[in-house]
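Here's the structure, in structure tokens; my notes come after.
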Amino acid sequence: MITADVPEIDDTLASMVELIDTMSPPPSEGPGVILTLSGLLVSGRIIPHWQWFEEVEHASRAAFTVHTGGSIDDEHGGWATLFKKDSESLTQEHDALAAAKDALGSLPERYQQRLTHLDPTHFIHLREARILAPSGAALPGSGMHWRGRLSAVSGWSFGQL
């Protein structure tokens, strides 16, 4: 029985996101997905969480850098500093998780199953994401980086808008 205050997460989608989050190097193009969230459609390519933070940090550095004498001052990247810390932390976590999964492989299967459910995946990260507007237009036209809660997804399918 599911309680009303705990949102249900689709196990299949969560497993796929968890697998993608552990990939190193990242897939050249993540799988295309269309998500339903509160009546909206969001479409994009799933990428690992650590790659999402890395790409957002890079994009924000380019968007918010300070130009001094015609050159880019990378030490004052504005929002990039925030994303860089998250990116570095997730890269370290990714490496530690890979080592833990190697160690986990030597345990009996019943323990492996118990331990893999202790740290569930909560977010999905998309590249080239678009939101389908009520008018039918996909916004933004060029796509964007998007991060959403898996517990907010009410339906999904493979593909792209």
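The way I read the labels, and the way they are meant: chains A, B, ... in the order of the structure tokens, residue 1 as the first residue of every chain, and ligand 1 as the first ligand shown, with later ones counted on from there.
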
Discussion item. Residues near A:Pro26, anyone? I mean within 9 Å using only C-alpha atoms, not counting same-chain ones fewer than 4 positions away, as a list in words.
Written reply: Ile20, Asp21, Thr22, Gly30, Ile47, Pro48 and Gln51 of chain A

Store the residues picked out above in a file with N, CA and C atoms, as a JSON list (two decimals), in the first residue's frame.
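Saved as out.json:
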[["chain", "number", "residue", "atom", "x", "y", "z"],
["A", 20, "ILE", "N", 22.41, 5.27, -15.96],
["A", 20, "ILE", "CA", 23.03, 6.35, -16.73],
["A", 20, "ILE", "C", 23.92, 7.21, -15.83],
["A", 21, "ASP", "N", 23.49, 7.45, -14.59],
["A", 21, "ASP", "CA", 24.28, 8.25, -13.65],
["A", 21, "ASP", "C", 25.63, 7.61, -13.35],
["A", 22, "THR", "N", 25.74, 6.29, -13.48],
["A", 22, "THR", "CA", 26.99, 5.60, -13.16],
["A", 22, "THR", "C", 27.91, 5.47, -14.36],
["A", 30, "GLY", "N", 22.53, 10.62, -24.78],
["A", 30, "GLY", "CA", 21.66, 9.86, -23.89],
["A", 30, "GLY", "C", 20.37, 9.51, -24.59],
["A", 47, "ILE", "N", 21.06, 12.42, -19.38],
["A", 47, "ILE", "CA", 22.52, 12.38, -19.19],
["A", 47, "ILE", "C", 22.81, 12.16, -17.71],
["A", 48, "PRO", "N", 24.02, 11.69, -17.38],
["A", 48, "PRO", "CA", 24.37, 11.50, -15.97],
["A", 48, "PRO", "C", 24.33, 12.81, -15.19],
["A", 51, "GLN", "N", 27.49, 14.85, -15.28],
["A", 51, "GLN", "CA", 27.71, 15.50, -16.58],
["A", 51, "GLN", "C", 26.82, 16.74, -16.70]]

Worksheet item: Which of these, A:Pro25, A:Pro108, A:Pro7, A:Gly143, has the shortest distance to A:Arg45 once you count only C-alpha atoms?
Response: A:Gly143

Practice prompt. Counting only C-alpha atoms, figure out which residue out of A:Thr121, A:Ser106, A:Thr36, A:Ser43 gets nearest to A:Met16.
Written response: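 Among A:Thr121, A:Ser106, A:Thr36, A:Ser43, it is A:Thr121 that comes nearest to A:Met16.
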